[in-house]
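Q: Handing over my_file-v1.tsv, TSV, C-alpha atoms.
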```tsv
chain	number	residue	atom	x	y	z
A	1	MET	CA	-16.13	35.34	-13.47
A	2	LYS	CA	-17.12	34.37	-16.96
A	3	THR	CA	-13.91	32.48	-17.69
A	4	ILE	CA	-14.30	30.58	-14.45
A	5	ILE	CA	-17.73	29.34	-15.44
A	6	GLU	CA	-16.29	28.31	-18.77
A	7	GLY	CA	-13.70	26.18	-17.03
A	8	LEU	CA	-16.34	24.30	-15.10
A	9	HIS	CA	-17.34	21.59	-17.47
A	10	LYS	CA	-20.98	20.64	-17.62
A	11	ALA	CA	-20.12	16.97	-17.77
A	12	PHE	CA	-18.73	17.22	-14.24
A	13	GLU	CA	-21.85	18.68	-12.67
A	14	SER	CA	-22.85	15.24	-11.47
A	15	ARG	CA	-21.08	13.97	-8.40
A	16	VAL	CA	-20.92	10.45	-9.79
A	17	ARG	CA	-19.12	11.65	-12.91
A	18	LEU	CA	-16.76	13.72	-10.81
A	19	GLY	CA	-16.09	10.62	-8.72
A	20	ILE	CA	-15.37	8.52	-11.80
A	21	MET	CA	-12.92	11.11	-13.11
A	22	SER	CA	-11.21	11.45	-9.71
A	23	ALA	CA	-10.73	7.71	-9.41
A	24	LEU	CA	-9.44	7.43	-12.97
A	25	ALA	CA	-7.10	10.38	-12.47
A	26	VAL	CA	-5.02	8.39	-9.99
A	27	ASN	CA	-5.43	4.92	-11.49
A	28	ASP	CA	-4.14	3.85	-14.90
A	29	SER	CA	-7.35	1.94	-15.45
A	30	LEU	CA	-10.21	0.58	-13.34
A	31	ASP	CA	-12.84	-2.04	-14.01
A	32	PHE	CA	-16.55	-1.59	-13.64
A	33	THR	CA	-16.75	-3.44	-10.34
A	34	SER	CA	-14.05	-1.36	-8.66
A	35	LEU	CA	-15.70	1.86	-9.78
A	36	ARG	CA	-19.05	0.68	-8.48
A	37	GLU	CA	-17.50	-0.16	-5.12
A	38	TYR	CA	-15.80	3.22	-4.77
A	39	LEU	CA	-18.83	5.22	-5.82
A	40	GLU	CA	-21.48	3.08	-4.12
A	41	VAL	CA	-23.97	3.44	-6.94
A	42	THR	CA	-26.16	0.96	-8.79
A	43	ASP	CA	-25.03	-0.76	-11.98
A	44	GLY	CA	-27.48	1.15	-14.17
A	45	ASN	CA	-26.63	4.51	-12.66
A	46	LEU	CA	-22.90	3.97	-13.09
A	47	ALA	CA	-23.30	2.64	-16.62
A	48	SER	CA	-25.25	5.69	-17.76
A	49	HIS	CA	-22.69	8.11	-16.29
A	50	LEU	CA	-19.85	6.13	-17.84
A	51	LYS	CA	-21.60	6.25	-21.17
A	52	ALA	CA	-22.00	10.02	-20.92
A	53	LEU	CA	-18.29	10.47	-20.19
A	54	GLU	CA	-17.43	8.10	-23.00
A	55	LYS	CA	-19.54	10.17	-25.36
A	56	GLU	CA	-17.56	13.27	-24.35
A	57	ARG	CA	-14.43	11.22	-25.13
A	58	PHE	CA	-13.19	11.83	-21.61
A	59	ILE	CA	-12.77	8.15	-20.88
A	60	GLY	CA	-11.72	5.17	-22.93
A	61	VAL	CA	-13.20	1.71	-22.67
A	62	LYS	CA	-11.37	-1.55	-23.16
A	63	LYS	CA	-13.22	-4.83	-23.13
A	64	THR	CA	-11.29	-7.98	-22.33
A	65	PHE	CA	-11.99	-11.42	-20.93
A	66	ILE	CA	-10.64	-12.75	-17.67
A	67	ASP	CA	-11.34	-16.45	-17.22
A	68	ARG	CA	-13.88	-16.16	-19.98
A	69	LYS	CA	-15.80	-13.54	-18.04
A	70	PRO	CA	-16.12	-10.15	-19.67
A	71	ASN	CA	-14.09	-7.46	-17.98
A	72	THR	CA	-14.53	-3.84	-18.92
A	73	ARG	CA	-11.76	-1.47	-18.00
A	74	TYR	CA	-12.02	2.28	-18.09
A	75	SER	CA	-9.22	4.79	-18.35
A	76	MET	CA	-8.93	8.53	-18.72
A	77	THR	CA	-8.15	9.93	-22.16
A	78	LYS	CA	-5.81	12.86	-22.73
A	79	GLU	CA	-8.83	15.00	-23.45
A	80	GLY	CA	-10.48	13.87	-20.25
A	81	LYS	CA	-7.37	14.65	-18.22
A	82	LYS	CA	-7.22	18.13	-19.67
A	83	ALA	CA	-10.89	18.84	-19.00
A	84	PHE	CA	-10.70	17.43	-15.49
A	85	GLU	CA	-7.65	19.51	-14.63
A	86	ALA	CA	-9.31	22.62	-16.02
A	87	HIS	CA	-12.35	21.82	-13.93
A	88	LEU	CA	-10.22	21.52	-10.80
A	89	VAL	CA	-8.49	24.83	-11.48
A	90	ALA	CA	-11.85	26.48	-12.06
A	91	LEU	CA	-13.21	25.06	-8.81
A	92	GLU	CA	-10.22	26.35	-6.88
A	93	ASP	CA	-10.44	29.78	-8.49
A	94	LEU	CA	-14.12	29.96	-7.75
A	95	ILE	CA	-13.65	29.16	-4.10
A	96	ARG	CA	-10.70	31.50	-3.78
A	97	SER	CA	-12.56	34.37	-5.42
A	98	GLN	CA	-15.45	34.06	-3.01
A	99	LYS	CA	-13.34	34.11	0.13
B	1	MET	CA	-25.15	26.74	-10.99
B	2	LYS	CA	-24.35	25.12	-7.72
B	3	THR	CA	-23.74	27.07	-4.55
B	4	GLU	CA	-20.26	27.76	-3.28
B	5	GLN	CA	-20.63	25.19	-0.55
B	6	GLU	CA	-21.46	22.53	-3.08
B	7	TYR	CA	-18.24	23.28	-4.95
B	8	VAL	CA	-16.27	23.01	-1.74
B	9	ARG	CA	-17.88	19.65	-1.18
B	10	ASP	CA	-17.05	18.66	-4.75
B	11	LEU	CA	-13.40	19.38	-4.11
B	12	SER	CA	-13.28	17.45	-0.86
B	13	GLU	CA	-14.99	14.52	-2.52
B	14	ILE	CA	-12.54	14.55	-5.41
B	15	ARG	CA	-9.74	14.44	-2.91
B	16	SER	CA	-11.23	11.63	-0.87
B	17	MET	CA	-12.02	9.60	-3.99
B	18	MET	CA	-8.44	9.96	-5.23
B	19	GLU	CA	-7.13	8.79	-1.89
B	20	ARG	CA	-9.62	5.96	-1.46
B	21	SER	CA	-9.09	4.59	-4.94
B	22	SER	CA	-5.32	4.74	-4.96
B	23	LYS	CA	-4.23	4.03	-1.41
B	24	PHE	CA	-4.63	1.16	0.96
B	25	MET	CA	-5.52	2.73	4.29
B	26	SER	CA	-6.66	-0.35	6.17
B	27	LEU	CA	-3.17	-1.26	7.34
B	28	SER	CA	-3.36	-1.36	11.10
B	29	GLY	CA	-0.62	-0.10	13.39
B	30	LEU	CA	-1.40	-2.96	15.74
B	31	SER	CA	-0.29	-5.50	13.15
B	32	GLY	CA	3.12	-3.79	13.11
B	33	ILE	CA	3.36	-4.16	16.88
B	34	MET	CA	2.33	-7.83	16.71
B	35	ALA	CA	4.76	-8.59	13.86
B	36	GLY	CA	7.52	-6.99	15.93
B	37	ILE	CA	6.66	-9.11	18.95
B	38	TYR	CA	6.66	-12.34	16.90
B	39	ALA	CA	10.01	-11.39	15.41
B	40	LEU	CA	11.51	-10.69	18.83
B	41	ILE	CA	10.24	-14.02	20.16
B	42	GLY	CA	11.62	-15.79	17.10
B	43	ALA	CA	14.98	-14.05	17.43
B	44	TYR	CA	15.10	-14.91	21.13
B	45	ILE	CA	14.42	-18.61	20.42
B	46	VAL	CA	17.16	-18.64	17.79
B	47	TYR	CA	19.49	-16.92	20.22
B	48	ARG	CA	18.79	-19.38	23.04
B	49	LEU	CA	18.89	-22.47	20.89
B	50	PHE	CA	21.79	-21.70	18.65
B	51	TYR	CA	23.92	-19.09	20.33
B	52	GLY	CA	23.10	-20.47	23.76
B	53	ASN	CA	26.49	-21.89	24.60
B	54	GLN	CA	28.16	-18.54	24.16
B	55	ALA	CA	28.49	-15.83	26.73
B	56	GLY	CA	26.31	-13.28	25.06
B	57	ILE	CA	25.29	-11.64	21.85
B	58	GLU	CA	28.52	-9.62	21.80
B	59	SER	CA	30.62	-12.74	21.64
B	60	THR	CA	29.07	-13.65	18.35
B	61	GLY	CA	30.94	-10.68	16.96
B	62	ASP	CA	34.11	-12.68	16.60
B	63	GLY	CA	32.86	-14.32	13.45
B	64	GLN	CA	31.20	-17.35	15.05
B	65	MET	CA	28.56	-18.90	12.92
B	66	LEU	CA	25.14	-20.16	13.85
B	67	GLN	CA	25.53	-23.56	15.41
B	68	GLY	CA	22.06	-24.95	15.10
B	69	ASN	CA	20.34	-26.82	12.43
B	70	ILE	CA	19.64	-24.42	9.59
B	71	THR	CA	16.38	-26.23	8.77
B	72	GLU	CA	15.06	-25.50	12.26
B	73	ILE	CA	15.89	-21.83	11.92
B	74	PHE	CA	14.27	-21.83	8.51
B	75	LEU	CA	11.05	-23.37	9.86
B	76	LEU	CA	11.03	-20.92	12.75
B	77	ALA	CA	11.47	-18.01	10.35
B	78	ILE	CA	8.63	-19.26	8.16
B	79	SER	CA	6.34	-19.58	11.21
B	80	VAL	CA	7.14	-16.03	12.29
B	81	LEU	CA	6.43	-14.83	8.74
B	82	ILE	CA	3.08	-16.65	8.51
B	83	LEU	CA	2.02	-15.41	11.96
B	84	ALA	CA	2.95	-11.82	11.09
B	85	ILE	CA	1.23	-11.82	7.70
B	86	GLY	CA	-1.81	-13.62	9.10
B	87	THR	CA	-2.18	-11.05	11.87
B	88	ALA	CA	-1.73	-8.18	9.41
B	89	ILE	CA	-4.44	-9.53	7.10
B	90	PHE	CA	-6.81	-10.23	9.99
B	91	LEU	CA	-6.37	-6.78	11.56
B	92	SER	CA	-6.64	-5.04	8.17
B	93	TRP	CA	-9.83	-6.96	7.53
B	94	LYS	CA	-11.26	-5.84	10.87
B	95	LYS	CA	-10.20	-2.25	10.29
B	96	SER	CA	-11.69	-2.19	6.79
B	97	GLN	CA	-14.97	-3.54	8.14
B	98	LYS	CA	-15.12	-0.75	10.69
B	99	SER	CA	-14.39	1.97	8.16
B	100	GLY	CA	-16.63	0.42	5.49
B	101	GLU	CA	-13.72	0.28	3.05
B	102	LYS	CA	-13.41	-2.74	0.78
B	103	LEU	CA	-10.29	-4.70	1.75
B	104	TRP	CA	-9.33	-6.20	-1.58
B	105	HIS	CA	-9.70	-3.29	-3.99
B	106	SER	CA	-7.30	-2.22	-6.70
B	107	ALA	CA	-5.04	-0.27	-4.33
B	108	ALA	CA	-4.65	-3.33	-2.13
B	109	ARG	CA	-3.92	-5.42	-5.18
B	110	ARG	CA	-1.28	-2.98	-6.36
B	111	LEU	CA	0.25	-2.81	-2.90
B	112	THR	CA	0.55	-6.60	-2.84
B	113	PHE	CA	1.89	-6.79	-6.37
B	114	ASN	CA	4.52	-4.14	-5.74
B	115	MET	CA	5.71	-5.96	-2.63
B	116	THR	CA	5.77	-9.33	-4.34
B	117	VAL	CA	8.55	-8.56	-6.81
B	118	PRO	CA	11.25	-7.56	-4.27
B	119	LEU	CA	10.07	-10.19	-1.78
B	120	LEU	CA	10.25	-13.01	-4.32
B	121	THR	CA	13.64	-11.81	-5.52
B	122	GLY	CA	14.84	-11.78	-1.92
B	123	GLY	CA	13.36	-15.21	-1.29
B	124	ILE	CA	15.10	-16.74	-4.28
B	125	LEU	CA	18.37	-15.05	-3.33
B	126	ILE	CA	18.08	-16.51	0.18
B	127	ILE	CA	17.60	-20.01	-1.23
B	128	LEU	CA	20.69	-19.47	-3.41
B	129	LEU	CA	22.68	-18.28	-0.39
B	130	LEU	CA	21.54	-21.40	1.48
B	131	ILE	CA	22.65	-23.64	-1.36
B	132	LYS	CA	26.03	-21.93	-1.51
B	133	GLY	CA	26.41	-22.14	2.24
B	134	LEU	CA	26.57	-18.39	2.73
B	135	THR	CA	24.17	-18.53	5.67
B	136	GLU	CA	25.74	-15.54	7.43
B	137	TYR	CA	24.24	-13.24	4.80
B	138	ILE	CA	20.67	-14.50	5.06
B	139	ALA	CA	19.54	-12.19	7.86
B	140	ALA	CA	20.99	-9.17	6.05
B	141	THR	CA	19.30	-10.21	2.82
B	142	THR	CA	15.89	-10.51	4.48
B	143	LEU	CA	16.27	-6.99	5.89
B	144	ILE	CA	17.35	-5.44	2.59
B	145	PHE	CA	14.68	-7.00	0.42
B	146	TYR	CA	11.96	-6.48	2.99
B	147	GLY	CA	13.03	-2.84	3.10
B	148	LEU	CA	12.83	-2.60	-0.69
B	149	ALA	CA	9.38	-4.19	-0.65
B	150	LEU	CA	8.18	-1.66	1.92
B	151	PHE	CA	9.69	1.18	-0.09
B	152	ASN	CA	7.66	0.08	-3.09
B	153	ALA	CA	4.55	-0.39	-0.98
B	154	SER	CA	4.80	3.04	0.63
B	155	LYS	CA	3.49	4.65	-2.55
B	156	PHE	CA	0.19	2.90	-2.09
B	157	THR	CA	-0.40	3.35	1.60
B	158	PHE	CA	0.68	5.59	4.48
B	159	GLN	CA	3.70	7.77	3.64
B	160	GLU	CA	5.33	6.86	6.97
B	161	LEU	CA	6.14	3.41	5.61
B	162	LYS	CA	8.91	5.01	3.56
B	163	SER	CA	10.97	5.94	6.62
B	164	LEU	CA	10.58	2.43	8.02
B	165	SER	CA	11.68	0.96	4.70
B	166	LEU	CA	14.85	3.08	4.59
B	167	ILE	CA	15.74	2.05	8.14
B	168	GLU	CA	15.29	-1.64	7.23
B	169	ILE	CA	17.52	-1.26	4.16
B	170	GLY	CA	20.16	0.56	6.23
B	171	LEU	CA	20.14	-2.11	8.93
B	172	GLY	CA	20.37	-4.78	6.24
B	173	LEU	CA	23.46	-3.18	4.72
B	174	ILE	CA	25.07	-2.88	8.15
B	175	ALA	CA	24.23	-6.53	8.85
B	176	PHE	CA	25.81	-7.47	5.54
B	177	HIS	CA	29.08	-5.96	6.68
B	178	PHE	CA	29.02	-6.98	10.34
B	179	THR	CA	27.85	-10.54	9.84
B	180	GLY	CA	28.48	-11.46	13.48
B	181	TYR	CA	25.75	-9.09	14.59
B	182	GLU	CA	23.17	-10.36	12.14
B	183	LEU	CA	20.75	-11.68	14.77
B	184	LEU	CA	20.92	-8.51	16.83
B	185	LEU	CA	20.38	-6.32	13.76
B	186	TRP	CA	17.61	-8.57	12.51
B	187	ALA	CA	15.86	-8.32	15.89
B	188	LEU	CA	16.28	-4.54	15.72
B	189	GLY	CA	14.84	-4.29	12.22
B	190	PHE	CA	12.03	-6.79	12.34
B	191	GLY	CA	11.31	-6.58	16.07
B	192	LEU	CA	11.95	-3.21	17.58
B	193	MET	CA	11.39	-1.10	14.45
B	194	HIS	CA	8.05	-2.78	13.74
B	195	ILE	CA	6.90	-2.20	17.30
B	196	LEU	CA	7.97	1.47	17.28
B	197	TYR	CA	6.39	2.04	13.88
B	198	GLY	CA	3.20	0.26	14.96
B	199	ILE	CA	2.89	2.32	18.13
B	200	TYR	CA	3.49	5.55	16.19
B	201	MET	CA	0.88	4.68	13.55
B	202	HIS	CA	-1.60	3.52	16.15
B	203	LEU	CA	-1.30	6.76	18.12
B	204	LYS	CA	-1.41	8.91	15.00
B	205	TYR	CA	-4.26	7.32	13.04
B	206	GLU	CA	-6.23	5.00	15.28
B	207	LYS	CA	-6.77	7.05	18.40
```
Please lay out the structure from this file as C-alpha cells.

A:
Amino acid sequence: MKTIIEGLHKAFESRVRLGIMSALAVNDSLDFTSLREYLEVTDGNLASHLKALEKERFIGVKKTFIDRKPNTRYSMTKEGKKAFEAHLVALEDLIRSQK
Amino acid sequence: MKTEQEYVRDLSEIRSMMERSSKFMSLSGLSGIMAGIYALIGAYIVYRLFYGNQAGIESTGDGQMLQGNITEIFLLAISVLILAIGTAIFLSWKKSQKSGEKLWHSAARRLTFNMTVPLLTGGILIILLLIKGLTEYIAATTLIFYGLALFNASKFTFQELKSLSLIEIGLGLIAFHFTGYELLLWALGFGLMHILYGIYMHLKYEK
C-alpha cells in the first residue's frame, strides 16, 4: 500500500492539473486558450495550476507570437510524462487492490 | 487522501480529457448520408448527360470515353463537393452545439490539416491529368486520394473511418484499371459507401 501512495504524485491531486496533464499527454503541445476550453476554468485558475506544474518541471512553456499576438504553448516534459504515467499506474493499482 | 470513488472518477476524467482533446467527435453520420446522396445525384446527372446516348452503364465498359464537356462535369463535381462539405460543417456545428463541444479546437484543426495534404496532392494531380488529357483516370484519382485523406483523418476521429478509407482506396485502384467503369465505381465509393457509413454511424452513435 505504501508504494502505491508513493506513486500518486501530490501535484496531481487537483483535478485541473490532472486534466492539463491528460490533455498534454495526447497532444504535442496546446495553447492556453485550448486548455481553458477543454477544462472550462477561469484564466486565473488555469494560470496558477499551469505555474505549479511548470515549477515541478512537468510541463514546458514556449512563448511565441502569432500575428503579433502573444501565444503561449504548453507541452509535457519527459519528467512530466514519467510522473503522469506512474500516477496512472498507481491509480489503477489502487482501484484494483480495493476490488 | 481521496476516497476510492474519487480515484475512479479521476481515471474516467483522464480518459475523457484525452479523448476530447485529441479527437474530433462532432462528425455527424447524417452528413455522410447527405454527401452520398449528393454524389449519387451528381453521378446520375453525369450519366444522363454524357453517357445518355448509350444503352447502359455496362456499355461504357468497351472503352468509350465521356462525351460531354469536361468543364461541365468539372463544375458539377465542384458543386457536389461544396454541397457535401457545407452540409458536413453545418451538421458538425449543430452536433457540437448540442454536446457542448467546441467545434474548432485543436483536434478539428489537426483533422483538417491531415486531410488537406492528400486532398491538395490529389487536386493538383487531377489538374495535371486534365492538362494531359488523361480524363479517364480522374474519377479513380479522386477515390484514391479521398481515401488517403480519410485514412489520415481516421486517427483524429471515429475509428470506423479507417474501414471506409480503405474501401475508397480499393475502389479507386479498381477504377484505375477498369477505366470504363469509372462512373459506376465513383458512384459506389462516393455515393453508396457514404450512405452506408452514415447510416451505420448514425445508428451506432446518434441514437

Q: Padding 6 Å on each side, edges along x, y and z: where is the centre of the box around the listed atoms of region 25-38 of chain B, and how long are its edges in Å to one decimal? Output it as JSON.

A:
```
{"center_x": 0.4, "center_y": -4.8, "center_z": 11.6, "size_x": 26.2, "size_y": 27.1, "size_z": 26.7}
```

Q: Please identify all residues of chain A having at least one atom at most 9 Å from any atom of chain B, considering only C-alpha atoms, and return them as a PyMOL selection string.

A: chain A and resi 13+15+18-27+30+34-35+37-39+88+91-92+94-95+98

Q: So how far away is CA of Tyr44 (chain B) from CA of Tyr181 (chain B), in Å?

A: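 One can read the CA of Tyr181 (chain B) to CA of Tyr44 (chain B) distance as 13.8 Å.
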
Q: Figure out the distance between CA of Gln159 (chain B) and CA of Ile78 (chain B), please, to one decimal in Å.

A: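 Interatomic distance here is 27.8 Å.
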
Q: In Å, rounded to a single decimal, give me how far CA of Ala153 (chain B) is from CA of Gly123 (chain B).

A: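 Going from CA of Gly123 (chain B) over to CA of Ala153 (chain B), I get 17.2 Å.
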
Q: I'd like the contact shell of Ala35 (chain B) - 9 Å cut-off, all atoms listed in the file, skipping same-chain residues fewer than 4 positions apart - returned as a VMD selection string.

A: chain B and resid 30 to 31 39 to 40 80 to 81 83 to 85 87 to 88 190 to 191 194 to 195

Q: Write out as a list in words each polymer residue whose atoms come within 9 Å of Ala139 (chain B), counting all atoms listed in the file; drop sequence neighbours fewer than 2 positions from it.

A: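 Once the adjacent positions are removed, what remains is Ile126, Thr135, Glu136, Tyr137, Thr141, Thr142, Leu143, Ile144, Gly172, Ala175, Phe176, Thr179, Glu182, Leu183, Leu185 and Trp186 of chain B.
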
Q: Near Lys78 (chain A), within 10 Å and counting only C-alpha atoms, which residues show up once chain neighbours fewer than 6 positions away are dropped, as a list in words?

A: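 Surrounding residues, per the criterion: Arg57, Phe58, Ile59, Gly60 and Phe84 of chain A.
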
Q: Could you write those residues out with C-alpha atoms, as a CSV table (one decimal), in the frame of the given file?

A:
```csv
chain,number,residue,atom,x,y,z
A,57,ARG,CA,-14.4,11.2,-25.1
A,58,PHE,CA,-13.2,11.8,-21.6
A,59,ILE,CA,-12.8,8.2,-20.9
A,60,GLY,CA,-11.7,5.2,-22.9
A,84,PHE,CA,-10.7,17.4,-15.5
```

Q: Restricted to all heavy atoms, what does region 85-96 of chain A look like when written out as a JSON list (two decimals), in the first residue's frame?

A:
```
[["chain", "number", "residue", "atom", "x", "y", "z"],
["A", 85, "GLU", "N", 2.60, 8.95, -15.96],
["A", 85, "GLU", "CA", 2.41, 7.51, -16.18],
["A", 85, "GLU", "C", 2.45, 6.75, -14.86],
["A", 85, "GLU", "O", 1.65, 5.84, -14.63],
["A", 85, "GLU", "CB", 3.45, 6.98, -17.16],
["A", 85, "GLU", "CG", 2.96, 7.10, -18.59],
["A", 85, "GLU", "CD", 4.07, 7.01, -19.62],
["A", 85, "GLU", "OE1", 5.20, 6.59, -19.26],
["A", 85, "GLU", "OE2", 3.81, 7.34, -20.79],
["A", 86, "ALA", "N", 3.37, 7.14, -14.00],
["A", 86, "ALA", "CA", 3.45, 6.49, -12.68],
["A", 86, "ALA", "C", 2.17, 6.73, -11.90],
["A", 86, "ALA", "O", 1.67, 5.84, -11.21],
["A", 86, "ALA", "CB", 4.65, 7.06, -11.91],
["A", 87, "HIS", "N", 1.63, 7.92, -12.03],
["A", 87, "HIS", "CA", 0.39, 8.27, -11.35],
["A", 87, "HIS", "C", -0.75, 7.39, -11.85],
["A", 87, "HIS", "O", -1.57, 6.87, -11.08],
["A", 87, "HIS", "CB", 0.08, 9.74, -11.58],
["A", 87, "HIS", "CG", -1.11, 10.23, -10.80],
["A", 87, "HIS", "ND1", -1.04, 10.51, -9.45],
["A", 87, "HIS", "CD2", -2.39, 10.46, -11.17],
["A", 87, "HIS", "CE1", -2.23, 10.91, -9.03],
["A", 87, "HIS", "NE2", -3.07, 10.89, -10.05],
["A", 88, "LEU", "N", -0.80, 7.20, -13.17],
["A", 88, "LEU", "CA", -1.85, 6.36, -13.76],
["A", 88, "LEU", "C", -1.75, 4.92, -13.27],
["A", 88, "LEU", "O", -2.75, 4.30, -12.90],
["A", 88, "LEU", "CB", -1.74, 6.38, -15.29],
["A", 88, "LEU", "CG", -2.27, 7.61, -16.01],
["A", 88, "LEU", "CD1", -2.17, 7.41, -17.51],
["A", 88, "LEU", "CD2", -3.72, 7.88, -15.63],
["A", 89, "VAL", "N", -0.52, 4.40, -13.25],
["A", 89, "VAL", "CA", -0.31, 3.03, -12.79],
["A", 89, "VAL", "C", -0.75, 2.90, -11.33],
["A", 89, "VAL", "O", -1.44, 1.95, -10.95],
["A", 89, "VAL", "CB", 1.18, 2.62, -12.96],
["A", 89, "VAL", "CG1", 1.45, 1.30, -12.27],
["A", 89, "VAL", "CG2", 1.53, 2.54, -14.43],
["A", 90, "ALA", "N", -0.38, 3.91, -10.54],
["A", 90, "ALA", "CA", -0.74, 3.88, -9.13],
["A", 90, "ALA", "C", -2.26, 3.91, -8.95],
["A", 90, "ALA", "O", -2.82, 3.19, -8.11],
["A", 90, "ALA", "CB", -0.10, 5.06, -8.41],
["A", 91, "LEU", "N", -2.91, 4.74, -9.74],
["A", 91, "LEU", "CA", -4.38, 4.82, -9.68],
["A", 91, "LEU", "C", -5.01, 3.47, -10.00],
["A", 91, "LEU", "O", -5.91, 3.00, -9.29],
["A", 91, "LEU", "CB", -4.90, 5.85, -10.69],
["A", 91, "LEU", "CG", -4.96, 7.31, -10.29],
["A", 91, "LEU", "CD1", -5.56, 8.13, -11.44],
["A", 91, "LEU", "CD2", -5.81, 7.51, -9.05],
["A", 92, "GLU", "N", -4.52, 2.85, -11.06],
["A", 92, "GLU", "CA", -5.05, 1.55, -11.46],
["A", 92, "GLU", "C", -4.82, 0.51, -10.38],
["A", 92, "GLU", "O", -5.73, -0.26, -10.04],
["A", 92, "GLU", "CB", -4.40, 1.10, -12.78],
["A", 92, "GLU", "CG", -5.02, 1.77, -13.99],
["A", 92, "GLU", "CD", -4.17, 1.63, -15.23],
["A", 92, "GLU", "OE1", -3.10, 0.98, -15.16],
["A", 92, "GLU", "OE2", -4.57, 2.19, -16.28],
["A", 93, "ASP", "N", -3.60, 0.49, -9.84],
["A", 93, "ASP", "CA", -3.28, -0.48, -8.78],
["A", 93, "ASP", "C", -4.20, -0.28, -7.59],
["A", 93, "ASP", "O", -4.71, -1.25, -7.02],
["A", 93, "ASP", "CB", -1.82, -0.30, -8.34],
["A", 93, "ASP", "CG", -0.88, -0.89, -9.36],
["A", 93, "ASP", "OD1", -1.36, -1.57, -10.27],
["A", 93, "ASP", "OD2", 0.33, -0.64, -9.24],
["A", 94, "LEU", "N", -4.38, 0.97, -7.23],
["A", 94, "LEU", "CA", -5.20, 1.30, -6.08],
["A", 94, "LEU", "C", -6.61, 0.78, -6.25],
["A", 94, "LEU", "O", -7.19, 0.15, -5.35],
["A", 94, "LEU", "CB", -5.22, 2.81, -5.90],
["A", 94, "LEU", "CG", -5.82, 3.31, -4.61],
["A", 94, "LEU", "CD1", -4.87, 3.03, -3.46],
["A", 94, "LEU", "CD2", -6.10, 4.80, -4.69],
["A", 95, "ILE", "N", -7.16, 1.01, -7.42],
["A", 95, "ILE", "CA", -8.54, 0.59, -7.68],
["A", 95, "ILE", "C", -8.62, -0.92, -7.72],
["A", 95, "ILE", "O", -9.54, -1.54, -7.17],
["A", 95, "ILE", "CB", -9.06, 1.24, -8.98],
["A", 95, "ILE", "CG1", -9.32, 2.71, -8.71],
["A", 95, "ILE", "CG2", -10.30, 0.55, -9.47],
["A", 95, "ILE", "CD1", -9.28, 3.59, -9.91],
["A", 96, "ARG", "N", -7.62, -1.53, -8.35],
["A", 96, "ARG", "CA", -7.61, -2.99, -8.44],
["A", 96, "ARG", "C", -7.50, -3.63, -7.05],
["A", 96, "ARG", "O", -8.17, -4.60, -6.75],
["A", 96, "ARG", "CB", -6.46, -3.45, -9.34],
["A", 96, "ARG", "CG", -6.81, -4.68, -10.14],
["A", 96, "ARG", "CD", -5.72, -5.00, -11.14],
["A", 96, "ARG", "NE", -5.56, -3.96, -12.14],
["A", 96, "ARG", "CZ", -4.37, -3.56, -12.60],
["A", 96, "ARG", "NH1", -3.26, -4.08, -12.11],
["A", 96, "ARG", "NH2", -4.29, -2.66, -13.54]]
```
